[in-house]
Structures are given as C-alpha cells and as structure tokens.
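I have placed the structure first, in the form of structure tokens, so that the comments after it can refer back to it.
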Amino acid sequence: MKKAFSLIELLIVIVIIGVVYTISVGNFKKMKDESQKLSLQNLKEYLQKIPHEKNIEFLCLDECSECEVFVDGKKFREVESFLDKSVIVYRYDFSYGMTQLEKKDDICFSYIINKQGVGEQVFVEFKTKVYDFSSYLSQIYIYDSLHEATEVKENLIQEVIR
C-alpha cells in the first residue's frame, strides 16, 4: 500500500502556510511604519494618532537635544530629537502678518494638539524650509521660505474676502 498525503491534508498545509505568511508580512509592515523617522513633516499626523482625552504635547528642552511626548499631562514617550536650537516658530495674524513667537525658559520647541485633535496654528522655520501647521484638517504644507509661506497665507485671505 502506497503512503501519500490526501488532497485535504495538502490543502490544510497550504492554508497554514498562507496564514503564517500573512501574519509575518503584516508584522514586517508594522515594523517598517514604526521605524519611520519622526520629522516636522509627519509630527502632526504622528501626534494625532495617539489616543488622548485632554491634549498631547511634543516638547523639546534646552537646545532641542531632548524631546518628549506628553499625553494628558503625563510623560508618554521620549523621542529621538530631529531639531536643533535654530528652530523658529511664527504665528500668522491677519493684521500684523507673520510674527515670531518668543521661546520660553528652557523650551526649544513645543507643539500642542487639543482634545478635538486640532493643533496649534503656527509656522515652523527649520533649516531651509518653513512648515505650515496652520491648517485644521489637512497635512503640513512645506515652503522654501518664510516669504513664500506669508504670500500663500495672504493670497488665501484675499480669496476668502472676495
């Protein structure tokens, strides 16, 4: 009598291999997503994904050598710093234009998202780019200069006025 696998046994093995493959590919994708470097470009999206009840604050102290994420006032995670002390934060005002915000005490950079998921309406100048955090719903826009960011904001206001 020949010993061989039945069709059912072969199908069961194929299904098991498929399940193991699916689980392992999902884990590799998750590891890739987590290893993606945090930057000003994806900071808002990263913070909005963290569950919270009151607010989330991204805080860099001293010369931006140390950064931490606080959820509802409690330290949540330390984050590898991607900034340095050259970071400058601005707020755009309809009447005054772009105004630089003063740094407080030992705080190099801070960004807060409230309980509704809305972040501070600021522009962040770092190295050769300006990051626009002023939109409520869309992702961060990146400009090549503060002048370009100001022009876009003023054009948008003129469009709304018309």
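Identifiers for the structure tokens are assigned positionally: chains receive A, B, ... in sequence, residues are indexed from 1 per chain, and ligands are indexed from 1 in the order shown.
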Members of chain A assigned alpha helix (DSSP H) by DSSP, as a count of residues only: 51
Let's see if you can do this: from backbone DSSP, list all strand (DSSP E or B) residues in segment 18-136 of chain A, as number ranges by chain. A: 56-61, 66-71, 74-79, 88-93, 97-100, 107-113, 119, 123-126, 129-132
Of the residues A:Val130, A:Leu11, A:Val118, A:Ile16, which is the one nearest to Ile88 of chain A, using only C-alpha atoms? A:Val130
Pick out the residues sitting within 6 Å of Cys64 of chain A, and hand them over as number ranges by chain; count only C-alpha atoms, and ignore anything fewer than 5 positions along from it in its own chain. A: 83-85, 108
Mind writing the picked residues with N, CA, C and O atoms as an mmCIF file, in the first residue's frame?
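So part.cif came out as:
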data_model
loop_
_atom_site.group_PDB
_atom_site.id
_atom_site.type_symbol
_atom_site.label_atom_id
_atom_site.label_comp_id
_atom_site.auth_asym_id
_atom_site.auth_seq_id
_atom_site.Cartn_x
_atom_site.Cartn_y
_atom_site.Cartn_z
ATOM 1 N N LEU A 83 15.442 68.064 15.789
ATOM 2 C CA LEU A 83 15.545 69.510 15.723
ATOM 3 C C LEU A 83 16.845 69.972 16.359
ATOM 4 O O LEU A 83 17.532 69.209 17.023
ATOM 5 N N ASP A 84 17.143 71.252 16.188
ATOM 6 C CA ASP A 84 18.228 71.877 16.934
ATOM 7 C C ASP A 84 17.771 73.284 17.325
ATOM 8 O O ASP A 84 16.648 73.680 17.013
ATOM 9 N N LYS A 85 18.618 74.017 17.993
ATOM 10 C CA LYS A 85 18.196 75.314 18.545
ATOM 11 C C LYS A 85 17.892 76.373 17.489
ATOM 12 O O LYS A 85 17.392 77.435 17.809
ATOM 13 N N CYS A 108 12.903 74.707 23.843
ATOM 14 C CA CYS A 108 13.410 74.955 22.496
ATOM 15 C C CYS A 108 12.271 74.921 21.486
ATOM 16 O O CYS A 108 12.195 75.737 20.581
#
Using only C-alpha atoms, which of A:Asn114, A:Thr22, A:Gln121, A:Gln158 sits nearest Leu101 of chain A? A:Gln121
Residues within 10 Å of Val79 of chain A, please, as a list of chain:residue names. Count only C-alpha atoms; anything in the same chain fewer than 2 positions from it doesn't count. A:Lys37, A:Leu38, A:Phe58, A:Leu59, A:Cys60, A:Glu66, A:Cys67, A:Glu68, A:Val69, A:Phe76, A:Arg77, A:Ser81, A:Phe82
Within 9 Å of Gly97 of chain A, counting only C-alpha atoms, which residues qualify if same-chain residues fewer than 5 places away don't, as a ChimeraX atom specification? /A:91-92,150,154
So the first atom is atom CA of Gln48 of chain A and the second is atom CA of Gly117 of chain A; what is the distance between them in Å, to one decimal place?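 Atom CA of Gly117 of chain A lies 6.0 Å from atom CA of Gln48 of chain A.
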For atom CA of Phe5 of chain A and atom CA of Ile17 of chain A, determine how far apart the two atoms are, in Å to one decimal place.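 That distance, rounded to one decimal, is 16.3 Å.
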Distance criterion (only C-alpha atoms): nearest to Tyr141 of chain A out of A:Asn155, A:Val124, A:Gly73, A:Glu63: A:Val124
List the spatial neighbours of His52 of chain A as number ranges by chain - criterion: any atom at most 7 Å away, only C-alpha atoms, same-chain residues fewer than 3 positions off excluded. A: 55-56, 71-72, 115
Which is closer to Asp62 of chain A than all the others in A:Thr128, A:Ser138, A:Ser6, A:Ser110, using only C-alpha atoms? A:Ser110
With only C-alpha atoms as the basis for distance, which of A:Lys153, A:His147, A:Lys3, A:Arg162 is at the shortest distance from Asp93 of chain A?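 When distances to Asp93 of chain A are compared using only C-alpha atoms, the smallest one comes from A:Lys153.
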If I take atom CA of Gln139 of chain A and atom CA of Lys49 of chain A, how far is one from the other in Å, to one decimal? 13.2 Å
Determine the nearest neighbour of Lys104 of chain A from the options A:Leu61, A:Tyr21, A:Val160, A:Phe70, counting only C-alpha atoms.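 Closest to Lys104 of chain A, using only C-alpha atoms: A:Leu61.
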Within 8 Å of Ser134 of chain A, counting only C-alpha atoms, which residues show up once you throw out same-chain ones fewer than 4 positions away? Write them as a list in words, please.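 Returned residues: Gly119, Glu120, Gln121, Val122, Phe123 and Ile140 of chain A.
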Any chance you could export the current selection's C-alpha atoms as a PDB file, in the first residue's frame?
ATOM      1  CA  GLY A 119      -3.021  71.548  16.695  1.00  0.00           C
ATOM      2  CA  GLU A 120      -1.551  74.966  17.301  1.00  0.00           C
ATOM      3  CA  GLN A 121      -1.825  77.275  14.300  1.00  0.00           C
ATOM      4  CA  VAL A 122       1.862  78.008  13.766  1.00  0.00           C
ATOM      5  CA  PHE A 123       4.578  78.110  11.130  1.00  0.00           C
ATOM      6  CA  ILE A 140       1.501  70.089   6.862  1.00  0.00           C
TER       7      ILE A 140
END
